[in-house]
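Chemist: For reference, the file protein_26.tsv (TSV, C-alpha atoms and all ligand atoms) is included below:
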chain	number	residue	atom	x	y	z
I	1	MET	CA	-31.43	40.60	-9.40
I	2	ARG	CA	-30.93	37.01	-8.31
I	3	HIS	CA	-32.66	34.96	-5.63
I	4	LEU	CA	-31.86	31.51	-4.24
I	5	MET	CA	-34.90	29.24	-4.18
I	6	SER	CA	-33.37	25.87	-5.04
I	7	PRO	CA	-29.81	24.57	-5.42
I	8	LEU	CA	-30.55	24.30	-9.14
I	9	ASP	CA	-30.60	28.10	-9.36
I	10	PHE	CA	-26.81	27.85	-9.60
I	11	SER	CA	-25.03	25.95	-12.36
I	12	VAL	CA	-22.33	23.44	-11.41
I	13	GLU	CA	-19.71	26.02	-12.49
I	14	GLU	CA	-21.30	28.71	-10.32
I	15	LEU	CA	-21.42	26.32	-7.36
I	16	GLU	CA	-17.74	25.60	-7.87
I	17	LYS	CA	-17.01	29.34	-7.78
I	18	LEU	CA	-19.15	29.76	-4.67
I	19	MET	CA	-17.35	26.92	-2.85
I	20	ASN	CA	-13.96	28.27	-3.90
I	21	LEU	CA	-14.93	31.68	-2.54
I	22	ALA	CA	-16.06	30.03	0.73
I	23	GLY	CA	-12.68	28.27	0.88
I	24	ASP	CA	-10.84	31.58	0.46
I	25	ILE	CA	-13.04	33.17	3.13
I	26	GLU	CA	-12.11	30.35	5.52
I	27	ALA	CA	-8.40	30.82	4.77
I	28	ASN	CA	-8.34	34.65	4.73
I	29	PRO	CA	-11.23	35.97	6.84
I	30	GLU	CA	-9.64	39.40	7.31
I	31	LYS	CA	-9.77	40.04	3.56
I	32	TYR	CA	-13.59	39.91	3.75
I	33	ALA	CA	-14.18	41.62	7.10
I	34	HIS	CA	-15.57	44.87	5.63
I	35	VAL	CA	-16.80	44.01	2.14
I	36	CYS	CA	-20.49	44.38	3.15
I	37	ALA	CA	-20.05	47.54	5.23
I	38	GLY	CA	-23.28	49.56	5.04
I	39	LYS	CA	-25.33	46.56	3.82
I	40	LYS	CA	-28.18	45.01	5.78
I	41	LEU	CA	-29.48	41.46	5.90
I	42	ALA	CA	-33.05	40.85	7.09
I	43	THR	CA	-33.91	37.44	8.51
I	44	LEU	CA	-37.62	36.68	8.23
I	45	PHE	CA	-38.21	33.46	10.14
I	46	TYR	CA	-41.79	32.21	10.47
I	47	GLU	CA	-40.54	28.86	11.81
I	48	PRO	CA	-38.04	27.87	14.53
I	49	SER	CA	-34.35	27.89	13.71
I	50	THR	CA	-30.99	28.08	15.43
I	51	ARG	CA	-28.30	27.42	12.84
I	52	THR	CA	-29.89	28.73	9.68
I	53	ARG	CA	-30.91	32.10	11.09
I	54	LEU	CA	-27.87	32.69	13.25
I	55	SER	CA	-25.40	31.50	10.61
I	56	HIS	CA	-26.91	33.92	8.07
I	57	GLU	CA	-26.59	36.66	10.67
I	58	ALA	CA	-23.04	35.64	11.63
I	59	ALA	CA	-22.17	35.56	7.92
I	60	MET	CA	-23.37	39.13	7.35
I	61	LEU	CA	-21.68	40.38	10.54
I	62	ASN	CA	-18.41	38.68	9.51
I	63	LEU	CA	-18.62	40.62	6.24
I	64	GLY	CA	-18.96	43.93	8.10
I	65	GLY	CA	-22.69	44.33	7.42
I	66	SER	CA	-25.58	44.49	9.84
I	67	VAL	CA	-28.70	42.45	10.49
I	68	LEU	CA	-32.34	42.90	11.45
I	69	GLY	CA	-35.34	40.62	11.48
I	70	PHE	CA	-37.83	38.52	13.35
I	71	SER	CA	-37.54	34.94	14.56
I	72	SER	CA	-41.17	33.86	14.84
I	73	ALA	CA	-44.39	34.51	12.99
I	74	ASP	CA	-45.98	35.54	16.31
I	75	SER	CA	-43.67	38.50	16.68
I	76	SER	CA	-44.27	39.77	13.14
I	77	SER	CA	-47.37	41.23	11.47
I	78	ALA	CA	-48.09	37.75	10.08
I	79	ALA	CA	-49.89	37.31	13.41
I	80	LYS	CA	-52.19	40.17	12.34
I	81	GLY	CA	-52.87	38.53	8.98
I	82	GLU	CA	-50.31	40.28	6.75
I	83	SER	CA	-49.41	38.45	3.54
I	84	VAL	CA	-45.86	37.41	2.66
I	85	ALA	CA	-46.13	39.64	-0.42
I	86	ASP	CA	-46.85	42.76	1.67
I	87	THR	CA	-44.19	41.89	4.23
I	88	ILE	CA	-41.47	41.51	1.61
I	89	ARG	CA	-42.44	44.77	-0.11
I	90	THR	CA	-41.90	46.49	3.21
I	91	ILE	CA	-38.66	44.70	4.06
I	92	SER	CA	-37.32	45.71	0.65
I	93	CYS	CA	-37.34	49.30	1.99
I	94	TYR	CA	-35.29	48.34	5.05
I	95	ALA	CA	-32.65	45.84	3.91
I	96	ASP	CA	-30.44	44.93	0.94
I	97	ILE	CA	-30.98	41.16	1.06
I	98	CYS	CA	-33.12	38.77	3.07
I	99	ALA	CA	-33.33	35.14	4.17
I	100	MET	CA	-36.83	33.73	4.69
I	101	ARG	CA	-38.00	30.54	6.39
I	102	HIS	CA	-41.68	29.68	6.19
I	103	PRO	CA	-43.80	26.59	6.94
I	104	LYS	CA	-45.55	26.77	3.55
I	105	GLU	CA	-43.96	25.23	0.47
I	106	GLY	CA	-43.34	27.95	-2.11
I	107	ALA	CA	-43.55	30.89	0.33
I	108	ALA	CA	-40.04	32.14	-0.50
I	109	LEU	CA	-40.84	31.89	-4.19
I	110	VAL	CA	-43.94	34.03	-3.71
I	111	ALA	CA	-41.84	36.51	-1.74
I	112	SER	CA	-39.21	36.67	-4.49
I	113	THR	CA	-41.82	37.72	-7.08
I	114	HIS	CA	-42.80	40.74	-4.95
I	115	SER	CA	-39.35	41.62	-3.66
I	116	GLY	CA	-37.07	44.52	-4.46
I	117	ILE	CA	-34.09	42.70	-2.88
I	118	PRO	CA	-32.55	39.22	-3.30
I	119	VAL	CA	-34.45	36.56	-1.35
I	120	ILE	CA	-32.72	33.48	0.05
I	121	ASN	CA	-35.01	30.52	0.72
I	122	ALA	CA	-33.99	29.41	4.21
I	123	GLY	CA	-36.44	26.49	4.15
I	124	ASP	CA	-40.00	26.32	2.79
I	125	GLY	CA	-42.05	23.65	4.53
I	126	GLY	CA	-41.10	20.12	3.52
I	127	HIS	CA	-39.90	21.34	0.13
I	128	GLN	CA	-36.38	22.78	-0.21
I	129	HIS	CA	-33.52	24.12	1.91
I	130	PRO	CA	-30.87	25.27	-0.57
I	131	THR	CA	-28.45	26.97	1.82
I	132	GLN	CA	-28.26	23.78	3.86
I	133	THR	CA	-27.41	21.97	0.64
I	134	LEU	CA	-24.63	24.46	-0.15
I	135	THR	CA	-23.35	23.82	3.37
I	136	ASP	CA	-23.54	20.04	2.89
I	137	MET	CA	-21.75	20.22	-0.45
I	138	LEU	CA	-18.94	22.37	0.92
I	139	THR	CA	-18.60	19.96	3.86
I	140	ILE	CA	-18.45	16.88	1.64
I	141	ARG	CA	-16.02	18.53	-0.76
I	142	SER	CA	-13.76	19.66	2.09
I	143	LEU	CA	-13.75	16.24	3.78
I	144	LYS	CA	-13.57	13.99	0.72
I	145	GLY	CA	-11.94	16.31	-1.82
I	146	ARG	CA	-14.69	15.66	-4.37
I	147	LEU	CA	-18.43	15.59	-5.01
I	148	ASP	CA	-18.41	12.93	-7.73
I	149	ASN	CA	-17.84	9.14	-7.54
I	150	MET	CA	-19.54	8.74	-4.22
I	151	THR	CA	-22.10	6.56	-2.45
I	152	ILE	CA	-24.26	8.66	-0.18
I	153	GLY	CA	-26.60	7.20	2.41
I	154	LEU	CA	-29.58	9.37	3.32
I	155	CYS	CA	-31.21	8.12	6.49
I	156	GLY	CA	-34.35	8.95	8.44
I	157	ASP	CA	-37.25	11.14	7.41
I	158	LEU	CA	-36.82	11.23	3.65
I	159	LYS	CA	-40.47	12.13	3.15
I	160	PHE	CA	-40.64	15.44	4.99
I	161	GLY	CA	-36.91	16.26	5.22
I	162	ARG	CA	-36.37	19.25	2.96
I	163	THR	CA	-32.59	19.08	3.37
I	164	VAL	CA	-32.61	15.63	1.75
I	165	HIS	CA	-34.77	16.82	-1.15
I	166	SER	CA	-32.45	19.72	-1.93
I	167	LEU	CA	-29.31	17.63	-1.53
I	168	ILE	CA	-30.51	15.00	-4.02
I	169	HIS	CA	-31.39	17.69	-6.56
I	170	ALA	CA	-27.93	19.17	-6.25
I	171	LEU	CA	-25.82	16.00	-6.23
I	172	VAL	CA	-27.38	14.22	-9.20
I	173	ARG	CA	-25.52	16.71	-11.38
I	174	TYR	CA	-22.16	15.16	-10.43
I	175	PRO	CA	-20.91	12.03	-12.22
I	176	ASN	CA	-21.25	8.63	-10.63
I	177	VAL	CA	-23.09	9.63	-7.47
I	178	ARG	CA	-25.17	6.77	-6.03
I	179	PHE	CA	-27.72	6.97	-3.24
I	180	VAL	CA	-28.78	4.51	-0.58
I	181	LEU	CA	-32.15	5.73	0.71
I	182	ILE	CA	-32.57	4.42	4.25
I	183	SER	CA	-36.01	4.94	5.78
I	184	PRO	CA	-39.03	3.19	7.22
I	185	GLU	CA	-41.76	2.49	4.67
I	186	GLU	CA	-43.86	5.44	5.90
I	187	LEU	CA	-41.05	7.97	5.47
I	188	LYS	CA	-39.76	7.02	2.02
I	189	ILE	CA	-38.61	9.66	-0.43
I	190	PRO	CA	-41.58	11.35	-2.20
I	191	SER	CA	-42.35	9.96	-5.61
I	192	TYR	CA	-41.82	13.35	-7.25
I	193	ILE	CA	-38.17	12.95	-6.38
I	194	ARG	CA	-37.88	9.20	-7.00
I	195	THR	CA	-39.55	9.39	-10.39
I	196	ASP	CA	-38.86	12.90	-11.62
I	197	VAL	CA	-35.29	13.21	-10.43
I	198	LEU	CA	-33.70	9.81	-9.78
I	199	ASP	CA	-35.46	7.60	-12.34
I	200	ARG	CA	-35.63	10.24	-15.03
I	201	GLN	CA	-31.90	10.92	-14.84
I	202	ASN	CA	-30.97	7.24	-14.50
I	203	ILE	CA	-29.33	7.77	-11.14
I	204	GLU	CA	-28.27	4.62	-9.33
I	205	TYR	CA	-30.10	4.20	-6.00
I	206	GLU	CA	-31.54	1.60	-3.68
I	207	GLU	CA	-34.12	1.88	-0.94
I	208	VAL	CA	-33.44	-0.04	2.27
I	209	VAL	CA	-34.95	-0.13	5.73
I	210	ARG	CA	-32.01	-1.33	7.84
I	211	LEU	CA	-29.19	1.13	8.47
I	212	GLU	CA	-26.84	-1.78	9.24
I	213	ASP	CA	-27.22	-3.10	5.68
I	214	ALA	CA	-26.20	0.22	4.18
I	215	LEU	CA	-23.36	1.30	6.45
I	216	PRO	CA	-20.46	-0.80	4.99
I	217	LYS	CA	-20.86	0.63	1.48
I	218	LEU	CA	-21.17	4.35	2.22
I	219	ASP	CA	-18.75	7.24	1.68
I	220	ILE	CA	-21.09	9.66	3.44
I	221	LEU	CA	-23.96	8.99	5.85
I	222	TYR	CA	-26.43	11.87	6.02
I	223	MET	CA	-28.65	11.44	9.09
I	224	THR	CA	-31.88	13.36	9.55
I	225	ARG	CA	-34.38	14.04	12.31
I	226	VAL	CA	-37.95	12.78	12.03
I	227	GLN	CA	-39.77	16.03	11.23
I	228	LYS	CA	-42.27	16.12	14.07
I	229	GLU	CA	-43.90	19.38	12.96
I	230	ARG	CA	-44.92	17.94	9.57
I	231	PHE	CA	-46.82	14.92	10.94
I	232	PHE	CA	-50.60	14.92	10.90
I	233	ASN	CA	-50.87	13.00	14.14
I	234	GLU	CA	-48.70	12.60	17.19
I	235	GLU	CA	-49.13	8.80	17.28
I	236	ASP	CA	-47.36	8.31	13.92
I	237	TYR	CA	-44.52	10.55	15.04
I	238	VAL	CA	-44.06	8.64	18.30
I	239	ARG	CA	-43.94	5.37	16.37
I	240	MET	CA	-41.29	6.69	13.98
I	241	LYS	CA	-39.12	8.93	16.10
I	242	ASP	CA	-36.62	6.36	17.38
I	243	PHE	CA	-36.59	4.16	14.31
I	244	TYR	CA	-32.89	4.89	13.73
I	245	ILE	CA	-30.29	5.48	16.38
I	246	LEU	CA	-26.71	5.62	15.15
I	247	ASP	CA	-24.39	4.54	17.95
I	248	SER	CA	-20.72	3.57	18.31
I	249	LYS	CA	-21.52	-0.10	17.73
I	250	LYS	CA	-23.13	0.61	14.36
I	251	MET	CA	-20.24	2.92	13.44
I	252	GLU	CA	-17.99	-0.16	13.55
I	253	LEU	CA	-19.72	-1.37	10.38
I	254	ALA	CA	-18.66	1.74	8.47
I	255	SER	CA	-15.36	2.42	6.73
I	256	ASP	CA	-12.69	4.58	8.35
I	257	ASP	CA	-13.39	7.44	5.99
I	258	MET	CA	-17.18	7.40	6.02
I	259	TYR	CA	-18.17	10.78	7.43
I	260	VAL	CA	-21.44	11.36	9.26
I	261	LEU	CA	-23.32	14.54	8.41
I	262	HIS	CA	-26.54	15.86	9.94
I	263	PRO	CA	-28.15	19.24	9.24
I	264	LEU	CA	-29.06	19.39	12.98
I	265	PRO	CA	-30.92	19.71	15.26
I	266	ARG	CA	-30.37	16.13	16.41
I	267	VAL	CA	-32.97	14.53	18.63
I	268	ASN	CA	-32.27	10.81	19.23
I	269	GLU	CA	-31.01	9.63	15.87
I	270	ILE	CA	-27.31	9.98	16.70
I	271	ALA	CA	-26.17	8.86	20.14
I	272	VAL	CA	-24.01	11.48	21.86
I	273	GLU	CA	-21.20	8.90	22.14
I	274	VAL	CA	-20.71	9.17	18.35
I	275	ASP	CA	-19.67	12.84	18.70
I	276	LYS	CA	-16.13	11.86	19.67
I	277	ASP	CA	-15.70	9.60	16.63
I	278	PRO	CA	-13.38	11.42	14.17
I	279	ARG	CA	-15.89	10.60	11.43
I	280	ALA	CA	-18.62	12.68	13.11
I	281	ALA	CA	-18.66	15.84	10.99
I	282	TYR	CA	-21.94	17.53	11.91
I	283	PHE	CA	-20.53	20.34	14.03
I	284	LYS	CA	-17.82	21.03	11.46
I	285	GLN	CA	-20.69	21.17	8.96
I	286	ALA	CA	-22.34	23.95	11.00
I	287	GLN	CA	-19.08	25.94	10.74
I	288	TYR	CA	-18.94	25.47	6.96
I	289	GLY	CA	-22.48	26.87	6.90
I	290	VAL	CA	-21.12	30.27	7.86
I	291	TYR	CA	-18.42	30.35	5.14
I	292	ILE	CA	-20.78	29.31	2.38
I	293	ARG	CA	-23.44	31.83	3.46
I	294	MET	CA	-20.79	34.57	3.46
I	295	ALA	CA	-19.94	33.56	-0.10
I	296	LEU	CA	-23.63	33.46	-1.02
I	297	ILE	CA	-24.43	36.91	0.39
I	298	MET	CA	-21.45	38.40	-1.49
I	299	THR	CA	-22.50	36.67	-4.71
I	300	LEU	CA	-26.17	37.73	-4.55
I	301	LEU	CA	-25.13	41.31	-3.73
I	302	ASN	CA	-22.52	41.31	-6.52
I	303	ILE	CA	-19.75	42.17	-4.10
I	304	GLU	CA	-16.13	41.28	-4.72
I	305	ALA	CA	-13.31	41.33	-2.20
E	401	LIG	C1	-33.04	21.49	9.06
E	401	LIG	C2	-34.30	22.18	8.60
E	401	LIG	O1	-34.71	23.20	9.14
E	401	LIG	O2	-34.87	21.67	7.63
E	401	LIG	N1	-32.34	22.25	10.03
E	401	LIG	C3	-31.43	23.18	9.61
E	401	LIG	O3	-31.78	24.13	8.97
E	401	LIG	N2	-30.15	22.98	9.90
E	401	LIG	C4	-33.26	20.10	9.49
E	401	LIG	C5	-34.24	19.84	10.60
E	401	LIG	O4	-34.88	20.75	11.13
E	401	LIG	O5	-34.38	18.67	10.95
Go through the file and emit its structure as structure tokens.
Modeler:
Amino acid sequence: MRHLMSPLDFSVEELEKLMNLAGDIEANPEKYAHVCAGKKLATLFYEPSTRTRLSHEAAMLNLGGSVLGFSSADSSSAAKGESVADTIRTISCYADICAMRHPKEGAALVASTHSGIPVINAGDGGHQHPTQTLTDMLTIRSLKGRLDNMTIGLCGDLKFGRTVHSLIHALVRYPNVRFVLISPEELKIPSYIRTDVLDRQNIEYEEVVRLEDALPKLDILYMTRVQKERFFNEEDYVRMKDFYILDSKKMELASDDMYVLHPLPRVNEIAVEVDKDPRAAYFKQAQYGVYIRMALIMTLLNIEA
């Protein structure tokens, strides 16, 4: 039995297969409409979500399966003090696969060690968010035709943003990928990623504060929200929250084929006027999230079309 805790759980070859399957699903949805008939996906969400939970559910429904779950800790027995280990043992009796989001780093990993069914980490605190990374990779590959030879700007809350952490882990495995890490001093990438991932693997990167300085050299700009819920005090959040606002004027500094991605939800960091720019790819990205999760569910359940 296989789980998905981190993007590194799949080899580059397996990721390629997964993205190819997602591409075939996009092209031939009817071929996959019943492959998960009789299978159930449980979504165990202890933290707010729109896209991640509903795209997992849409993915399973598109495959002909069904879904059950809870969308807040308050409405589950966690509110009564039940452990993740006991919850997952129980859910293993009800469903064939599950996606779990939890505010604590490592919660999905704990669940996987007690689970009788595959567990998908749908975000564990400020740590990892592998299905978002699969989504981001499929989006980049579809828009640019490649994942190698690329300069990627990661902008915003690089400290607490789990999507950024997972994306770096995944992309350093492709040749000639460079990063421009754009953040205020207080929200810089954690040293366990700078040192253990980027430095150790001799990945080219620079850290800058001004978005304007980075924009002209990027192939992809990955914007992120300042992660309010991970701050220790409101004052720091208020000071940081509008540090970056990408608007049409700043987009003029970027090349014609620099796409803007964002895992969403957006707060203020991308002005709504940017949505009509053909380089704004964040809603397309949400659509790719369904195809890749369909491919992931099939793969973890060992189902072929
Ligand atoms: C992200 C998350 O939950 O980490 N959202 C998502 O899953 N698409 C990013 C965020 O909340 O800012």
Chemist: Nearest to ligand LIG 401 (chain E) among I:Ala295, I:Ile88, I:Leu167, I:Met258, with distances taken over only C-alpha atoms and all ligand atoms: which residue is it?
Modeler: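 So, comparing all the options, the nearest one is I:Leu167.
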Chemist: Which is closer to Glu206 (chain I) than all the others in I:Arg230, I:Arg53, I:Arg178, I:Lys31, using only C-alpha atoms?
Modeler: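 Closest to Glu206 (chain I), using only C-alpha atoms: I:Arg178.
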Chemist: Fewer than 6 positions away in the same chain doesn't count, so skip those; otherwise give me all residues within 6 Å of Gly69 (chain I), counting all atoms listed in the file, as a short mmCIF file (atom, residue, chain, number, x, y, z; two decimals) with C-alpha atoms, in the coordinates of the input.
Modeler:
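Saved to around37.cif:
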data_model
loop_
_atom_site.label_atom_id
_atom_site.label_comp_id
_atom_site.auth_asym_id
_atom_site.auth_seq_id
_atom_site.Cartn_x
_atom_site.Cartn_y
_atom_site.Cartn_z
CA ALA I 42 -33.05 40.85 7.09
CA THR I 43 -33.91 37.44 8.51
CA LEU I 44 -37.62 36.68 8.23
#
Chemist: May I have the residues within 9 Å of region 214-216 of chain I as number ranges by chain, using all atoms listed in the file and disregarding those fewer than 3 positions away in the same chain?
Modeler: I: 153, 180-182, 208-211, 219, 221, 250-255, 258
Chemist: How close does each residue of chain I get to ligand LIG 401 (chain E), giving the shortest atom pair and distance in Å to one decimal for every residue with an atom at most 8 Å away, counting only C-alpha atoms and all ligand atoms, sorted by chain and residue number, as a tab-separated table?
Modeler:
residue	atom	partner	partner_atom	distance
I:Pro48	CA	E:LIG401	O1	7.9
I:Ser49	CA	E:LIG401	O1	6.6
I:Thr50	CA	E:LIG401	N2	7.6
I:Arg51	CA	E:LIG401	N2	5.6
I:Thr52	CA	E:LIG401	O3	5.0
I:Ala122	CA	E:LIG401	O3	7.4
I:Gly123	CA	E:LIG401	O2	6.1
I:Gly126	CA	E:LIG401	O2	7.6
I:His129	CA	E:LIG401	O2	6.4
I:Gln132	CA	E:LIG401	O3	6.2
I:Gly161	CA	E:LIG401	O2	6.3
I:Arg162	CA	E:LIG401	O2	5.5
I:Thr163	CA	E:LIG401	O2	5.5
I:Thr224	CA	E:LIG401	O5	6.0
I:Arg225	CA	E:LIG401	O5	4.8
I:Val226	CA	E:LIG401	O5	7.0
I:Gln227	CA	E:LIG401	O5	6.0
I:His262	CA	E:LIG401	C4	8.0
I:Pro263	CA	E:LIG401	N2	4.3
I:Leu264	CA	E:LIG401	N2	4.9
I:Pro265	CA	E:LIG401	O5	5.6
I:Arg266	CA	E:LIG401	O5	7.2
I:Ala286	CA	E:LIG401	N2	7.9
Chemist: Of the residues I:Pro7, I:Pro130, I:Pro103, I:Pro29, which is the one nearest to Arg173 (chain I), using all atoms listed in the file?
Modeler: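 Closest to Arg173 (chain I), using all atoms listed in the file: I:Pro7.
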Chemist: If we count all atoms listed in the file and set the cut-off at 12 Å, which residues sit around Ile25 (chain I), ignoring sequence neighbours fewer than 3 positions away in its own chain? Please answer as a list in words.
Modeler: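 Near neighbours after the sequence-gap exclusion: Leu18, Met19, Asn20, Leu21, Ala22, Asn28, Pro29, Glu30, Lys31, Tyr32, Ala33, Val35, Ala59, Asn62, Leu63, Tyr288, Gly289, Val290, Tyr291, Ile292, Arg293, Met294, Ala295, Leu296, Met298, Glu304 and Ala305 of chain I.
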Chemist: CA of Thr90 (chain I) to CA of Val110 (chain I): how many Å, to one decimal?
Modeler: 14.4 Å
Chemist: Just how far from CA of Leu54 (chain I) is CA of Cys155 (chain I), in Å to one decimal?
Modeler: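 Atom-to-atom, CA of Cys155 (chain I) to CA of Leu54 (chain I), that is 25.7 Å.
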Chemist: Could you state the separation of CA of Asp236 (chain I) and CA of Lys159 (chain I) in Å, given to one decimal place?
Modeler: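 Going from CA of Asp236 (chain I) over to CA of Lys159 (chain I) covers 13.3 Å.
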Chemist: With distances taken over all atoms listed in the file, which of I:Met1, I:Glu234, I:Leu261, I:Arg141 is nearest to Thr113 (chain I)?
Modeler: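 Among I:Met1, I:Glu234, I:Leu261, I:Arg141, it is I:Met1 that comes nearest to Thr113 (chain I).
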Chemist: Show me a table, sorted first by chain and then by increasing residue number, of the residues of region 138-248 of chain I having an atom at most 9 Å from region 274-278 of chain I, each with its shortest atom pair and the distance in Å to one decimal, counting only C-alpha atoms and written as CSV.
Modeler:
residue,atom,partner,partner_atom,distance
I:Leu246,CA,I:Val274,CA,7.7
I:Asp247,CA,I:Val274,CA,5.9
I:Ser248,CA,I:Val274,CA,5.6
Chemist: Tell me which protein, DNA and RNA residues are within 9 Å of Asp96 (chain I), counting all atoms listed in the file, leaving out same-chain ones fewer than 6 positions away, and put them as a ChimeraX atom specification.
Modeler: /I:39-42,116-118,301
Chemist: Measuring between only C-alpha atoms, which one of I:Val267, I:Val272, I:Ala170, I:Met137 shows the shortest distance to Phe10 (chain I)?
Modeler: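 Among the listed residues, I:Ala170 lies closest to Phe10 (chain I).
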Chemist: I'd like the contact shell of Gln287 (chain I) - 10 Å cut-off, all atoms listed in the file, skipping same-chain residues fewer than 6 positions apart - returned as an NGL selection string.
Modeler: :I and (26 or 51 or 55 or 135 or 139)
Chemist: Find, counting only C-alpha atoms, the residue in I:Gly145, I:Gly64, I:Gly106, I:Gly125 that gets nearest to Glu229 (chain I).
Modeler: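 Checking each candidate against Glu229 (chain I), we get I:Gly125 as the closest.
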Chemist: Hey, can I get the axis-aligned box for region 151-165 of chain I? All listed atoms, 3 Å padding on each side, centre and edge lengths in Å to one decimal, as lines of an AutoDock Vina configuration file.
Modeler:
center_x = -31.4
center_y = 12.9
center_z = 3.0
size_x = 24.5
size_y = 18.7
size_z = 16.9
Chemist: Name the residues, using the chain letters and numbers of the file, that sit within 6 Å of (-44.0, 41.6, -4.6) when counting all atoms listed in the file, and give them as an mmCIF file with C-alpha atoms, keeping the file's coordinate frame.
Modeler:
data_model
loop_
_atom_site.group_PDB
_atom_site.id
_atom_site.type_symbol
_atom_site.label_atom_id
_atom_site.label_comp_id
_atom_site.auth_asym_id
_atom_site.auth_seq_id
_atom_site.Cartn_x
_atom_site.Cartn_y
_atom_site.Cartn_z
ATOM 1 C CA ALA I 85 -46.130 39.640 -0.420
ATOM 2 C CA ARG I 89 -42.440 44.770 -0.110
ATOM 3 C CA THR I 113 -41.820 37.720 -7.080
ATOM 4 C CA HIS I 114 -42.800 40.740 -4.950
ATOM 5 C CA SER I 115 -39.350 41.620 -3.660
#
Chemist: All heavy atoms are what I want for region 176-181 of chain I; can you complete it accordingly and write them as a compact mmCIF listing (two decimals), keeping the file's coordinate frame?
Modeler:
# COMPACT_ATOMS: atom_id res chain seq x y z
N ASN I 176 -21.44 9.84 -11.42
CA ASN I 176 -21.25 8.63 -10.63
C ASN I 176 -21.55 8.81 -9.14
O ASN I 176 -20.81 8.31 -8.30
CB ASN I 176 -19.81 8.12 -10.84
CG ASN I 176 -19.72 6.64 -10.61
OD1 ASN I 176 -20.73 5.94 -10.58
ND2 ASN I 176 -18.51 6.15 -10.41
N VAL I 177 -22.62 9.53 -8.85
CA VAL I 177 -23.09 9.63 -7.47
C VAL I 177 -24.24 8.64 -7.30
O VAL I 177 -25.17 8.63 -8.10
CB VAL I 177 -23.55 11.07 -7.14
CG1 VAL I 177 -24.28 11.11 -5.81
CG2 VAL I 177 -22.36 12.00 -7.11
N ARG I 178 -24.13 7.76 -6.31
CA ARG I 178 -25.17 6.77 -6.03
C ARG I 178 -25.78 7.06 -4.66
O ARG I 178 -25.09 7.55 -3.77
CB ARG I 178 -24.56 5.36 -5.97
CG ARG I 178 -23.93 4.89 -7.26
CD ARG I 178 -23.03 3.67 -7.02
NE ARG I 178 -21.90 3.99 -6.15
CZ ARG I 178 -20.77 4.55 -6.57
NH1 ARG I 178 -20.58 4.84 -7.85
NH2 ARG I 178 -19.79 4.84 -5.71
N PHE I 179 -27.06 6.73 -4.52
CA PHE I 179 -27.72 6.97 -3.24
C PHE I 179 -28.22 5.67 -2.63
O PHE I 179 -28.72 4.79 -3.34
CB PHE I 179 -28.93 7.89 -3.42
CG PHE I 179 -28.57 9.27 -3.88
CD1 PHE I 179 -28.69 9.62 -5.22
CD2 PHE I 179 -28.12 10.22 -2.97
CE1 PHE I 179 -28.35 10.89 -5.65
CE2 PHE I 179 -27.77 11.50 -3.40
CZ PHE I 179 -27.88 11.83 -4.74
N VAL I 180 -28.08 5.56 -1.31
CA VAL I 180 -28.78 4.51 -0.58
C VAL I 180 -29.80 5.25 0.30
O VAL I 180 -29.41 6.05 1.17
CB VAL I 180 -27.82 3.65 0.27
CG1 VAL I 180 -28.59 2.51 0.92
CG2 VAL I 180 -26.68 3.10 -0.59
N LEU I 181 -31.07 5.02 0.02
CA LEU I 181 -32.15 5.73 0.71
C LEU I 181 -32.64 4.85 1.85
O LEU I 181 -33.24 3.81 1.62
CB LEU I 181 -33.28 6.04 -0.27
CG LEU I 181 -32.84 6.80 -1.54
CD1 LEU I 181 -33.99 6.88 -2.54
CD2 LEU I 181 -32.35 8.20 -1.18
